[in-house]
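**Student:** Below you'll find structure_39.cif; it's mmCIF, C-alpha atoms and all ligand atoms.
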data_my_file
#
loop_
_atom_site.label_atom_id
_atom_site.label_comp_id
_atom_site.auth_asym_id
_atom_site.auth_seq_id
_atom_site.Cartn_x
_atom_site.Cartn_y
_atom_site.Cartn_z
CA MET A 11 19.14 -10.79 -15.03
CA ILE A 12 15.44 -10.38 -14.31
CA ARG A 13 13.26 -11.87 -17.06
CA PRO A 14 10.60 -9.39 -18.29
CA GLY A 15 7.15 -10.39 -17.06
CA CYS A 16 5.23 -8.65 -19.86
CA ILE A 17 5.38 -5.79 -22.36
CA TRP A 18 5.58 -2.34 -20.75
CA HIS A 19 4.53 0.92 -22.42
CA PRO A 20 5.76 4.30 -21.07
CA ILE A 21 3.10 6.57 -19.55
CA PRO A 22 3.65 10.32 -20.02
CA LEU A 23 2.68 12.48 -17.05
CA ARG A 24 1.16 15.76 -18.19
CA ALA A 25 1.94 17.53 -14.90
CA LEU A 26 5.69 16.84 -15.21
CA PRO A 27 7.60 17.65 -18.40
CA ALA A 28 10.12 14.83 -17.96
CA LEU A 29 10.79 12.12 -15.40
CA THR A 30 14.39 12.03 -14.18
CA ASP A 31 14.20 9.74 -11.14
CA ILE A 32 11.50 7.19 -11.95
CA ARG A 33 10.18 5.25 -14.89
CA TYR A 34 6.40 5.00 -15.20
CA GLU A 35 4.96 2.31 -17.44
CA ARG A 36 1.90 0.14 -17.91
CA THR A 37 0.63 -2.99 -19.54
CA ALA A 38 -2.36 -3.13 -21.86
CA ASP A 39 -4.35 -5.02 -19.20
CA GLY A 40 -4.08 -2.44 -16.41
CA ILE A 41 -0.86 -2.99 -14.44
CA ALA A 42 1.26 0.12 -13.83
CA LYS A 43 4.93 -0.13 -12.87
CA MET A 44 6.83 2.62 -11.04
CA THR A 45 10.59 2.07 -11.02
CA ILE A 46 12.96 4.18 -8.94
CA CYS A 47 15.89 4.74 -11.32
CA ARG A 48 18.84 5.89 -9.24
CA PRO A 49 20.96 2.70 -9.21
CA SER A 50 24.24 4.56 -8.56
CA VAL A 51 22.94 5.35 -5.05
CA ARG A 52 21.10 2.02 -4.65
CA ASN A 53 17.84 3.77 -5.63
CA ALA A 54 17.89 6.17 -2.68
CA PHE A 55 15.07 8.70 -2.96
CA ARG A 56 15.48 12.47 -2.98
CA PRO A 57 12.64 15.04 -2.99
CA GLN A 58 12.46 14.94 -6.81
CA THR A 59 12.01 11.13 -6.70
CA LEU A 60 9.12 11.46 -4.27
CA ARG A 61 7.51 14.25 -6.32
CA GLU A 62 7.58 12.03 -9.38
CA LEU A 63 6.20 9.05 -7.45
CA GLU A 64 3.41 11.24 -6.05
CA HIS A 65 2.41 12.36 -9.57
CA ALA A 66 2.53 8.79 -10.86
CA LEU A 67 0.35 7.63 -7.95
CA MET A 68 -2.16 10.40 -8.61
CA HIS A 69 -2.24 9.37 -12.27
CA ALA A 70 -2.75 5.71 -11.33
CA ARG A 71 -5.51 6.69 -8.91
CA ASP A 72 -7.34 8.80 -11.50
CA THR A 73 -7.00 6.39 -14.43
CA PRO A 74 -9.75 3.76 -14.29
CA SER A 75 -7.95 1.47 -16.73
CA ILE A 76 -5.03 1.20 -14.29
CA ARG A 77 -6.08 -1.43 -11.77
CA LEU A 78 -2.88 -2.21 -9.84
CA VAL A 79 0.58 -0.74 -9.21
CA ILE A 80 3.95 -2.47 -8.97
CA LEU A 81 6.65 -0.48 -7.15
CA THR A 82 10.26 -1.48 -7.77
CA GLY A 83 13.85 -0.30 -8.14
CA GLU A 84 16.13 -0.28 -11.15
CA GLY A 85 18.56 -3.18 -11.45
CA THR A 86 19.19 -6.16 -9.23
CA LEU A 87 21.18 -4.56 -6.40
CA ALA A 88 18.50 -2.53 -4.67
CA PHE A 89 14.79 -1.92 -4.39
CA CYS A 90 15.51 1.29 -2.47
CA SER A 91 18.10 2.36 0.11
CA GLY A 92 15.88 5.02 1.71
CA GLY A 93 16.42 8.75 1.87
CA ASP A 94 19.37 10.10 -0.12
CA GLN A 95 21.69 11.20 2.65
CA SER A 96 23.35 13.77 0.42
CA ALA A 97 19.99 15.57 0.10
CA ARG A 98 19.46 15.65 3.87
CA GLY A 99 19.50 19.19 5.23
CA HIS A 100 18.90 20.77 8.61
CA GLY A 101 15.34 19.52 9.23
CA GLY A 102 14.60 17.14 6.37
CA TYR A 103 15.42 16.34 2.76
CA VAL A 104 15.89 19.46 0.64
CA GLY A 105 14.69 19.69 -2.97
CA HIS A 106 14.56 22.45 -5.59
CA ASP A 107 12.39 24.71 -3.44
CA GLY A 108 14.98 24.73 -0.63
CA ILE A 109 12.41 23.62 1.98
CA PRO A 110 13.40 20.65 4.15
CA ARG A 111 10.67 17.99 4.10
CA LEU A 112 9.93 14.38 5.00
CA ALA A 113 7.72 13.97 1.96
CA VAL A 114 8.05 10.18 2.02
CA LEU A 115 5.62 10.16 4.96
CA ASP A 116 2.99 11.74 2.66
CA LEU A 117 3.81 9.16 0.01
CA HIS A 118 3.06 6.36 2.52
CA ILE A 119 -0.39 7.87 3.09
CA MET A 120 -1.00 8.15 -0.66
CA MET A 121 -0.06 4.49 -1.11
CA ARG A 122 -2.38 3.45 1.72
CA ARG A 123 -5.24 5.55 0.30
CA LEU A 124 -4.85 4.32 -3.28
CA PRO A 125 -7.97 2.19 -3.81
CA LYS A 126 -5.90 -0.24 -5.86
CA VAL A 127 -3.39 -2.89 -4.83
CA VAL A 128 0.28 -1.89 -4.66
CA ILE A 129 2.83 -4.72 -4.94
CA ALA A 130 6.48 -4.21 -3.97
CA MET A 131 8.80 -6.11 -6.31
CA VAL A 132 12.05 -6.36 -4.38
CA ALA A 133 15.49 -7.33 -5.64
CA GLY A 134 18.54 -6.48 -3.53
CA TYR A 135 18.45 -4.01 -0.66
CA ALA A 136 15.21 -2.69 0.79
CA VAL A 137 16.69 -0.81 3.73
CA GLY A 138 15.96 2.30 5.77
CA GLY A 139 13.16 4.31 4.19
CA GLY A 140 13.28 1.80 1.32
CA HIS A 141 12.28 -0.93 3.74
CA ILE A 142 9.31 1.14 4.85
CA LEU A 143 8.26 1.70 1.24
CA HIS A 144 7.93 -2.06 0.71
CA LEU A 145 6.27 -2.41 4.14
CA VAL A 146 3.55 0.07 3.16
CA CYS A 147 2.84 -1.83 -0.08
CA ASP A 148 -0.08 -4.27 0.11
CA LEU A 149 1.99 -7.26 -1.01
CA THR A 150 5.71 -7.96 -1.40
CA VAL A 151 7.27 -10.34 -3.88
CA ALA A 152 10.98 -10.71 -3.11
CA ALA A 153 13.89 -12.14 -5.06
CA GLU A 154 16.21 -14.57 -3.31
CA ASN A 155 18.89 -11.85 -3.18
CA ALA A 156 16.65 -9.38 -1.34
CA VAL A 157 17.93 -7.91 1.94
CA PHE A 158 15.69 -6.15 4.42
CA GLY A 159 16.31 -3.95 7.43
CA GLN A 160 16.17 -0.57 9.12
CA THR A 161 19.28 1.62 9.17
CA GLY A 162 17.92 4.87 10.59
CA PRO A 163 19.56 4.75 14.03
CA LYS A 164 22.95 4.21 12.30
CA VAL A 165 22.60 7.43 10.29
CA GLY A 166 20.69 9.48 12.86
CA SER A 167 17.16 8.98 11.59
CA PHE A 168 13.98 7.04 12.30
CA ASP A 169 10.43 6.59 11.07
CA GLY A 170 8.02 6.67 13.99
CA GLY A 171 4.99 6.35 11.69
CA TYR A 172 4.14 3.25 9.68
CA GLY A 173 7.79 2.24 9.93
CA SER A 174 7.34 1.62 13.67
CA SER A 175 3.76 0.85 14.66
CA TYR A 176 2.71 -0.87 11.43
CA LEU A 177 5.97 -2.82 11.37
CA ALA A 178 5.24 -4.01 14.91
CA ARG A 179 1.74 -5.08 13.87
CA ILE A 180 3.22 -7.26 11.17
CA VAL A 181 6.22 -8.80 12.90
CA GLY A 182 5.29 -8.31 16.58
CA GLN A 183 6.67 -5.88 19.14
CA LYS A 184 9.81 -7.79 20.12
CA LYS A 185 10.91 -8.38 16.53
CA ALA A 186 10.16 -4.79 15.50
CA ARG A 187 12.29 -3.54 18.38
CA GLU A 188 15.09 -5.89 17.36
CA ILE A 189 14.87 -4.61 13.77
CA TRP A 190 15.14 -0.97 14.87
CA PHE A 191 17.46 -1.26 17.87
CA LEU A 192 20.07 -3.57 16.29
CA CYS A 193 19.74 -2.46 12.63
CA ARG A 194 20.50 -5.98 11.42
CA GLN A 195 19.99 -7.13 7.85
CA TYR A 196 17.57 -9.99 7.10
CA SER A 197 17.48 -12.34 4.13
CA ALA A 198 14.43 -12.72 1.92
CA GLU A 199 13.65 -16.06 3.57
CA GLU A 200 13.93 -14.55 7.07
CA ALA A 201 11.64 -11.71 6.01
CA ARG A 202 9.13 -14.21 4.65
CA ALA A 203 9.20 -16.15 7.92
CA MET A 204 8.43 -12.89 9.78
CA GLY A 205 5.41 -12.17 7.57
CA LEU A 206 7.11 -9.17 5.93
CA VAL A 207 7.18 -10.75 2.51
CA ASN A 208 4.52 -12.81 0.71
CA THR A 209 6.77 -14.97 -1.43
CA VAL A 210 10.43 -15.44 -2.36
CA VAL A 211 11.42 -16.37 -5.91
CA PRO A 212 14.64 -16.76 -7.91
CA LEU A 213 15.93 -13.38 -9.10
CA GLU A 214 15.36 -14.15 -12.80
CA GLU A 215 11.70 -14.98 -12.09
CA LEU A 216 10.97 -11.87 -10.00
CA GLU A 217 8.98 -9.91 -12.56
CA VAL A 218 7.28 -12.94 -14.11
CA GLU A 219 6.05 -14.01 -10.66
CA THR A 220 5.03 -10.48 -9.65
CA VAL A 221 2.99 -10.06 -12.84
CA LYS A 222 1.40 -13.47 -12.15
CA TRP A 223 0.31 -12.24 -8.70
CA ALA A 224 -0.89 -8.97 -10.22
CA ARG A 225 -3.00 -10.73 -12.85
CA GLN A 226 -4.60 -12.93 -10.19
CA VAL A 227 -5.68 -9.73 -8.41
CA LEU A 228 -6.96 -8.25 -11.70
CA GLU A 229 -9.38 -11.19 -12.05
CA LYS A 230 -11.12 -10.11 -8.83
CA SER A 231 -13.87 -7.53 -8.23
CA PRO A 232 -12.21 -4.07 -8.14
CA THR A 233 -14.82 -2.74 -5.71
CA ALA A 234 -14.34 -5.67 -3.34
CA ILE A 235 -10.57 -5.13 -3.48
CA ALA A 236 -10.86 -1.36 -2.87
CA CYS A 237 -13.22 -1.93 0.09
CA ILE A 238 -11.19 -4.70 1.70
CA LYS A 239 -7.99 -2.61 1.42
CA ALA A 240 -9.77 0.37 2.99
CA ALA A 241 -11.23 -1.86 5.73
CA MET A 242 -7.85 -3.36 6.59
CA ASN A 243 -6.26 0.10 6.70
CA ALA A 244 -9.11 1.58 8.76
CA ASP A 245 -7.95 -0.48 11.71
CA GLY A 246 -4.61 1.32 11.82
CA ASP A 247 -5.45 4.66 10.22
CA GLY A 248 -8.09 5.90 12.68
CA HIS A 249 -10.56 8.49 11.41
CA ALA A 250 -8.59 8.95 8.17
CA GLY A 251 -8.90 5.21 7.53
CA LEU A 252 -12.62 5.16 8.34
CA SER A 253 -13.08 8.15 6.08
CA GLN A 254 -11.44 6.27 3.21
CA LEU A 255 -13.68 3.25 3.83
CA ALA A 256 -16.76 5.47 4.14
CA GLY A 257 -15.75 7.21 0.92
CA GLU A 258 -16.03 3.90 -0.91
CA ALA A 259 -19.52 3.38 0.59
CA THR A 260 -20.53 6.93 -0.41
CA ARG A 261 -19.21 6.41 -3.94
CA MET A 262 -21.44 3.33 -4.30
CA PHE A 263 -24.43 5.11 -2.69
CA TYR A 264 -24.11 8.02 -5.16
CA GLN A 265 -24.52 5.49 -7.96
CA SER A 266 -27.85 4.23 -6.54
CA GLU A 267 -31.30 5.57 -7.50
CA GLU A 268 -31.87 6.56 -3.86
CA GLY A 269 -28.71 8.65 -3.79
CA LYS A 270 -29.55 10.24 -7.13
CA GLU A 271 -33.11 11.11 -5.98
CA GLY A 272 -31.69 13.36 -3.21
CA LYS A 273 -29.63 15.42 -5.63
CA LYS A 274 -32.34 15.52 -8.30
CA ALA A 275 -35.01 16.71 -5.84
CA PHE A 276 -32.73 19.48 -4.56
CA LEU A 277 -31.99 20.71 -8.06
CA GLU A 278 -35.70 20.48 -9.04
CA LYS A 279 -36.64 22.37 -5.84
CA ARG A 280 -39.05 19.66 -4.62
CA LYS A 281 -39.28 17.29 -1.65
CA PRO A 282 -37.23 14.11 -2.18
CA GLN A 283 -39.23 10.87 -2.51
CA PHE A 284 -37.19 8.32 -0.56
CA VAL A 285 -40.09 5.95 0.35
CA PRO A 286 -39.57 3.62 -2.66
CA TYR A 287 -36.06 3.00 -1.44
CA VAL A 288 -36.87 1.78 2.08
CA GLN A 289 -35.29 -1.65 2.25
CA GLU A 290 -34.15 -4.24 4.70
CA THR A 291 -31.03 -3.17 6.56
CA LEU A 292 -28.29 -5.44 7.89
CA ARG A 293 -29.47 -7.20 11.05
CA PRO A 294 -27.46 -9.15 13.55
CA THR A 295 -27.82 -12.94 13.39
CA PRO A 296 -30.38 -14.09 16.02
CA PRO A 297 -28.85 -15.63 19.14
CA THR A 298 -28.32 -19.39 18.84
CA VAL A 299 -31.32 -21.33 20.19
CA MET A 300 -30.11 -23.30 23.20
CA THR A 301 -30.77 -27.01 23.02
CA ALA A 302 -32.21 -28.74 26.11
CA GLY A 303 -28.81 -30.33 26.89
CA VAL A 304 -27.00 -27.00 26.76
CA VAL A 305 -29.64 -25.45 29.05
CA GLU A 306 -29.24 -28.26 31.64
CA GLU A 307 -25.46 -27.95 31.58
CA GLU A 308 -25.66 -24.19 31.94
CA THR A 309 -28.13 -24.55 34.86
CA ARG A 310 -25.76 -26.98 36.66
CA ARG A 311 -22.78 -24.62 36.02
CA ARG A 312 -24.65 -21.66 37.48
CA ALA A 313 -25.78 -23.71 40.50
CA LYS A 314 -22.12 -24.40 41.37
CA LEU A 315 -21.25 -20.67 41.39
C1 LIG B 401 22.15 0.07 0.73
C2 LIG B 401 23.52 -0.38 1.21
C3 LIG B 401 23.38 -1.48 2.29
C4 LIG B 401 24.25 -0.96 -0.02
O1 LIG B 401 25.58 -1.33 0.30
P1 LIG B 401 26.61 -1.67 -0.89
O2 LIG B 401 27.88 -2.10 -0.22
O3 LIG B 401 25.99 -2.59 -1.88
O4 LIG B 401 26.83 -0.30 -1.69
P2 LIG B 401 27.52 1.03 -1.20
O5 LIG B 401 28.91 1.09 -1.71
O6 LIG B 401 27.32 1.26 0.24
O7 LIG B 401 26.62 2.11 -1.98
C5 LIG B 401 26.80 2.37 -3.35
C6 LIG B 401 26.72 3.86 -3.53
O8 LIG B 401 25.40 4.27 -3.18
C7 LIG B 401 25.47 5.28 -2.21
C8 LIG B 401 26.76 5.00 -1.45
O9 LIG B 401 27.16 6.15 -0.76
C9 LIG B 401 27.67 4.61 -2.61
O10 LIG B 401 28.08 5.78 -3.26
P3 LIG B 401 29.60 5.89 -3.88
O11 LIG B 401 30.52 5.55 -2.74
O12 LIG B 401 29.62 4.88 -4.98
O13 LIG B 401 29.69 7.29 -4.35
N1 LIG B 401 24.29 5.19 -1.34
C10 LIG B 401 23.72 4.07 -0.88
N2 LIG B 401 22.67 4.35 -0.12
C11 LIG B 401 22.57 5.69 -0.10
C12 LIG B 401 21.67 6.60 0.53
N3 LIG B 401 20.63 6.18 1.30
N4 LIG B 401 21.87 7.91 0.34
C13 LIG B 401 22.89 8.36 -0.42
N5 LIG B 401 23.76 7.54 -1.04
C14 LIG B 401 23.60 6.24 -0.89
C15 LIG B 401 24.35 0.77 1.78
O14 LIG B 401 24.71 1.64 0.74
C16 LIG B 401 23.65 1.53 2.85
O15 LIG B 401 23.61 1.10 3.98
N6 LIG B 401 23.09 2.71 2.48
C17 LIG B 401 22.51 3.64 3.42
C18 LIG B 401 21.14 3.23 3.84
C19 LIG B 401 20.53 4.27 4.74
O16 LIG B 401 21.00 4.48 5.83
N7 LIG B 401 19.46 4.98 4.30
C20 LIG B 401 18.87 6.07 4.97
C21 LIG B 401 18.01 5.63 6.15
S1 LIG B 401 17.06 6.93 6.87
C22 LIG B 401 15.69 7.01 5.82
O17 LIG B 401 15.69 6.44 4.78
C23 LIG B 401 14.50 7.81 6.23
C24 LIG B 401 13.99 7.76 7.50
O18 LIG B 401 14.57 7.00 8.41
C25 LIG B 401 12.89 8.56 7.87
C26 LIG B 401 12.29 9.35 6.93
C27 LIG B 401 12.81 9.38 5.65
C28 LIG B 401 13.90 8.61 5.29
#
Translate this file's structure into structure tokens.
Ligand code: 2NE
**Tutor:**
Amino acid sequence: MIRPGCIWHPIPLRALPALTDIRYERTADGIAKMTICRPSVRNAFRPQTLRELEHALMHARDTPSIRLVILTGEGTLAFCSGGDQSARGHGGYVGHDGIPRLAVLDLHIMMRRLPKVVIAMVAGYAVGGGHILHLVCDLTVAAENAVFGQTGPKVGSFDGGYGSSYLARIVGQKKAREIWFLCRQYSAEEARAMGLVNTVVPLEELEVETVKWARQVLEKSPTAIACIKAAMNADGDGHAGLSQLAGEATRMFYQSEEGKEGKKAFLEKRKPQFVPYVQETLRPTPPTVMTAGVVEEETRRRAKL
């Protein structure tokens, strides 16, 4: 049994009449929890699951009082076992609209772009596309019974996106190749040693510990957290990542008097007055002043060349 970490209240999603595949809840202090509820298939996701997760993520993004998201799976046997193989069609996973898609790849991007921390709370299997879901989360708290690994090449699939290059950034190229080429399963402790998991706790304590981590994040500056997440992602997300980071800068600039003057002047059909806002910009630190000893040593070194 997993001990409850706090009191959860259901969140209705206006865009969807009823949730069938996930549960979406929150605490009074700003933690949202998204639970994949398909335990009979080890919480495998189908297009409907991803649609519901996308709506929940959009809601979390647009609700200022939600400050952090926990992603998890129902029960103790699995976090998520990846794409539901029974929903796999000719060129992807097929939902109600009959169109084959790999919508989980879009979900990864949404999770990366969410300017709030996402914590994976993992009990049991996090394999295949379920492993990549936890990988894309900002932090992972794992129960002692958690099992990690890629299964794609066993079932004729792979994730060449975050599941490959980002995995390799975390565990290194050799290990990432081992994970994909051999499709082995790794214990929670092995995953922690590889840097895939932040902490491992007894199963009963999984939610209590995850909420503890979440509340430590909640104590911090939300803007600093949003910017540092965007900055860390910018490294791997190219222009899209820089755009996310720049978006945070623009959001803050819009809130300044200088930013507001531009808009106001345009609407009042006058020239903007930016002079009062000229201020010192960031400057590089001046080069270190060489001490006499350093200069002598450097002179001798150059003389030997
Ligand atoms: C997860 C794992 C290791 C669990 O094993 P075990 O022994 O605990 O359970 P069992 O009996 O295998 O599974 C219980 C039930 O869940 C279904 C099984 O078919 C079984 O059904 P029944 O026999 O009771 O009717 N089930 C489990 N995982 C499922 C899945 N992914 N889709 C549909 N049904 C599933 C073991 O079950 C396992 O290895 N599962 C398969 C993991 C897997 O290969 N996932 C897909 C990888 S590809 C992917 O996710 C992907 C991608 O690579 C790229 C883009 C998008 C997705």
**Student:** For Ile238 (chain A), which of A:Arg33, A:Lys126, A:His118, A:Lys314 is the closest residue, counting only C-alpha atoms?
**Tutor:**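 For Ile238 (chain A), the nearest of the candidates is A:Lys126.
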**Student:** From the set A:Ile12, A:Leu112, A:Leu26, A:Ile32, which residue has the shortest atom-to-atom contact distance to ligand LIG 401 (chain B), counting only C-alpha atoms and all ligand atoms?
**Tutor:**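 Of all the options, A:Leu112 lies closest to ligand LIG 401 (chain B).
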**Student:** Residues within 10 Å of ligand LIG 401 (chain B), counting only C-alpha atoms and all ligand atoms: report them as a PyMOL selection string.
**Tutor:** chain A and resi 48-56+87-98+102-103+111-115+134-143+157-171+173+193+195
**Student:** Those residues with C-alpha atoms, as a compact mmCIF listing (two decimals), in the coordinates of the input please?
**Tutor:**
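Result saved to selection-v5.txt:
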# COMPACT_ATOMS: atom_id res chain seq x y z
CA ARG A 48 18.84 5.89 -9.24
CA PRO A 49 20.96 2.70 -9.21
CA SER A 50 24.24 4.56 -8.56
CA VAL A 51 22.94 5.35 -5.05
CA ARG A 52 21.10 2.02 -4.65
CA ASN A 53 17.84 3.77 -5.63
CA ALA A 54 17.89 6.17 -2.68
CA PHE A 55 15.07 8.70 -2.96
CA ARG A 56 15.48 12.47 -2.98
CA LEU A 87 21.18 -4.56 -6.40
CA ALA A 88 18.50 -2.53 -4.67
CA PHE A 89 14.79 -1.92 -4.39
CA CYS A 90 15.51 1.29 -2.47
CA SER A 91 18.10 2.36 0.11
CA GLY A 92 15.88 5.02 1.71
CA GLY A 93 16.42 8.75 1.87
CA ASP A 94 19.37 10.10 -0.12
CA GLN A 95 21.69 11.20 2.65
CA SER A 96 23.35 13.77 0.42
CA ALA A 97 19.99 15.57 0.10
CA ARG A 98 19.46 15.65 3.87
CA GLY A 102 14.60 17.14 6.37
CA TYR A 103 15.42 16.34 2.76
CA ARG A 111 10.67 17.99 4.10
CA LEU A 112 9.93 14.38 5.00
CA ALA A 113 7.72 13.97 1.96
CA VAL A 114 8.05 10.18 2.02
CA LEU A 115 5.62 10.16 4.96
CA GLY A 134 18.54 -6.48 -3.53
CA TYR A 135 18.45 -4.01 -0.66
CA ALA A 136 15.21 -2.69 0.79
CA VAL A 137 16.69 -0.81 3.73
CA GLY A 138 15.96 2.30 5.77
CA GLY A 139 13.16 4.31 4.19
CA GLY A 140 13.28 1.80 1.32
CA HIS A 141 12.28 -0.93 3.74
CA ILE A 142 9.31 1.14 4.85
CA LEU A 143 8.26 1.70 1.24
CA VAL A 157 17.93 -7.91 1.94
CA PHE A 158 15.69 -6.15 4.42
CA GLY A 159 16.31 -3.95 7.43
CA GLN A 160 16.17 -0.57 9.12
CA THR A 161 19.28 1.62 9.17
CA GLY A 162 17.92 4.87 10.59
CA PRO A 163 19.56 4.75 14.03
CA LYS A 164 22.95 4.21 12.30
CA VAL A 165 22.60 7.43 10.29
CA GLY A 166 20.69 9.48 12.86
CA SER A 167 17.16 8.98 11.59
CA PHE A 168 13.98 7.04 12.30
CA ASP A 169 10.43 6.59 11.07
CA GLY A 170 8.02 6.67 13.99
CA GLY A 171 4.99 6.35 11.69
CA GLY A 173 7.79 2.24 9.93
CA CYS A 193 19.74 -2.46 12.63
CA GLN A 195 19.99 -7.13 7.85
**Student:** Scan for residues within 12 Å of the point (1.7, -3.6, -22.5) in the coordinates of the file, using all atoms listed in the file, and reply as a ChimeraX atom specification.
**Tutor:** /A:14-21,35-43,76,221
**Student:** Suppose you want the space between CA of Val146 (chain A) and CA of Met131 (chain A); what is it in Å?
**Tutor:**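 One can read the CA of Val146 (chain A) to CA of Met131 (chain A) distance as 12.5 Å.
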**Student:** For region 177-188 of chain A, list every protein, DNA or RNA residue within 7 Å, evaluated using all atoms listed in the file, and leave out those in the same chain fewer than 6 positions away; present the list as a PyMOL selection string.
**Tutor:** chain A and resi 204-206
**Student:** What is the CA of His100 (chain A) to CA of Ala250 (chain A) distance in Å?
**Tutor:**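 Spanning CA of His100 (chain A) to CA of Ala250 (chain A) is a straight-line distance of 29.9 Å.
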**Student:** If you measure from CA of Glu62 (chain A) to CA of Ile109 (chain A), what distance in Å do you get, rounded to one decimal?
**Tutor:**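 Between CA of Glu62 (chain A) and CA of Ile109 (chain A) the gap works out to 16.9 Å.
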**Student:** As a ChimeraX atom specification, please: the residues near Val207 (chain A) (cut-off 10 Å, only C-alpha atoms, same-chain neighbours under 2 positions excluded).
**Tutor:** /A:130,132,144-145,149-152,158,198-205,209-210
**Student:** Identify, on the basis of all atoms listed in the file, every residue whose closest approach to region 261-269 of chain A does not exceed 10 Å; exclude the query and any residue fewer than 2 positions from it along the same chain; express the result as a PyMOL selection string.
**Tutor:** chain A and resi 233+256-259+271-274+282-288
**Student:** Produce a file of the selected residues containing C-alpha atoms, as a CSV table (one decimal), keeping the file's coordinate frame.
**Tutor:**
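Generated output (selection_19.csv):
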chain,number,residue,atom,x,y,z
A,233,THR,CA,-14.8,-2.7,-5.7
A,256,ALA,CA,-16.8,5.5,4.1
A,257,GLY,CA,-15.8,7.2,0.9
A,258,GLU,CA,-16.0,3.9,-0.9
A,259,ALA,CA,-19.5,3.4,0.6
A,271,GLU,CA,-33.1,11.1,-6.0
A,272,GLY,CA,-31.7,13.4,-3.2
A,273,LYS,CA,-29.6,15.4,-5.6
A,274,LYS,CA,-32.3,15.5,-8.3
A,282,PRO,CA,-37.2,14.1,-2.2
A,283,GLN,CA,-39.2,10.9,-2.5
A,284,PHE,CA,-37.2,8.3,-0.6
A,285,VAL,CA,-40.1,6.0,0.4
A,286,PRO,CA,-39.6,3.6,-2.7
A,287,TYR,CA,-36.1,3.0,-1.4
A,288,VAL,CA,-36.9,1.8,2.1
**Student:** Have a look at A:Ile189, A:Met242, A:Leu60, A:Ala153 and name the one nearest to Gly105 (chain A); count all atoms listed in the file.
**Tutor:**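 Ranking A:Ile189, A:Met242, A:Leu60, A:Ala153 by distance to Gly105 (chain A), first place goes to A:Leu60.
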**Student:** Find the residue from A:Gly251, A:Leu213, A:Thr86, A:Ser175 that sits nearest to Leu124 (chain A); use all atoms listed in the file when measuring.
**Tutor:**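 The closest residue to Leu124 (chain A) is A:Gly251.
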**Student:** Let me make sure I understand: among A:Glu64, A:Glu217, A:Asp116, A:Asp31, which one has the smallest atom-to-atom distance to Ile80 (chain A) if we use all atoms listed in the file?
**Tutor:**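 The answer is A:Glu217, which sits nearest to Ile80 (chain A).
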**Student:** Check the smallest atom-to-atom distance from each of A:Leu67, A:Glu154, A:Glu278, A:Leu78 to Trp223 (chain A) using all atoms listed in the file, then report the winner.
**Tutor:** A:Leu78
**Student:** For Thr45 (chain A), please output as a list in words all residues within 7 Å (counting all atoms listed in the file; exclusion window: fewer than 3 positions along the same chain).
**Tutor:** Ile32, Arg33, Tyr34, Leu81, Thr82, Gly83 and Glu84 of chain A
**Student:** If we count all atoms listed in the file and set the cut-off at 12 Å, which residues sit around Ala244 (chain A), ignoring sequence neighbours fewer than 2 positions away in its own chain? Please answer as a compact mmCIF listing (two decimals) with C-alpha atoms, keeping the file's coordinate frame.
**Tutor:**
# COMPACT_ATOMS: atom_id res chain seq x y z
CA ARG A 122 -2.38 3.45 1.72
CA ARG A 123 -5.24 5.55 0.30
CA CYS A 237 -13.22 -1.93 0.09
CA ILE A 238 -11.19 -4.70 1.70
CA LYS A 239 -7.99 -2.61 1.42
CA ALA A 240 -9.77 0.37 2.99
CA ALA A 241 -11.23 -1.86 5.73
CA MET A 242 -7.85 -3.36 6.59
CA GLY A 246 -4.61 1.32 11.82
CA ASP A 247 -5.45 4.66 10.22
CA GLY A 248 -8.09 5.90 12.68
CA HIS A 249 -10.56 8.49 11.41
CA ALA A 250 -8.59 8.95 8.17
CA GLY A 251 -8.90 5.21 7.53
CA LEU A 252 -12.62 5.16 8.34
CA SER A 253 -13.08 8.15 6.08
CA GLN A 254 -11.44 6.27 3.21
CA LEU A 255 -13.68 3.25 3.83
CA ALA A 256 -16.76 5.47 4.14
CA GLY A 257 -15.75 7.21 0.92
**Student:** Output region 259-265 of chain A as a tab-separated table (two decimals), keeping the file's coordinate frame, making sure N, CA and C atoms are there.
**Tutor:**
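Output saved as part.tsv:
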chain	number	residue	atom	x	y	z
A	259	ALA	N	-18.08	3.62	0.41
A	259	ALA	CA	-19.52	3.38	0.59
A	259	ALA	C	-20.30	4.52	-0.05
A	260	THR	N	-19.83	5.76	0.14
A	260	THR	CA	-20.53	6.93	-0.41
A	260	THR	C	-20.51	6.89	-1.94
A	261	ARG	N	-19.33	6.50	-2.48
A	261	ARG	CA	-19.21	6.41	-3.94
A	261	ARG	C	-20.27	5.45	-4.50
A	262	MET	N	-20.45	4.32	-3.82
A	262	MET	CA	-21.44	3.33	-4.30
A	262	MET	C	-22.86	3.86	-4.11
A	263	PHE	N	-23.09	4.56	-2.97
A	263	PHE	CA	-24.43	5.11	-2.69
A	263	PHE	C	-24.80	6.16	-3.74
A	264	TYR	N	-23.85	7.00	-4.13
A	264	TYR	CA	-24.11	8.02	-5.16
A	264	TYR	C	-24.60	7.38	-6.46
A	265	GLN	N	-24.15	6.15	-6.70
A	265	GLN	CA	-24.52	5.49	-7.96
A	265	GLN	C	-25.91	4.87	-7.89
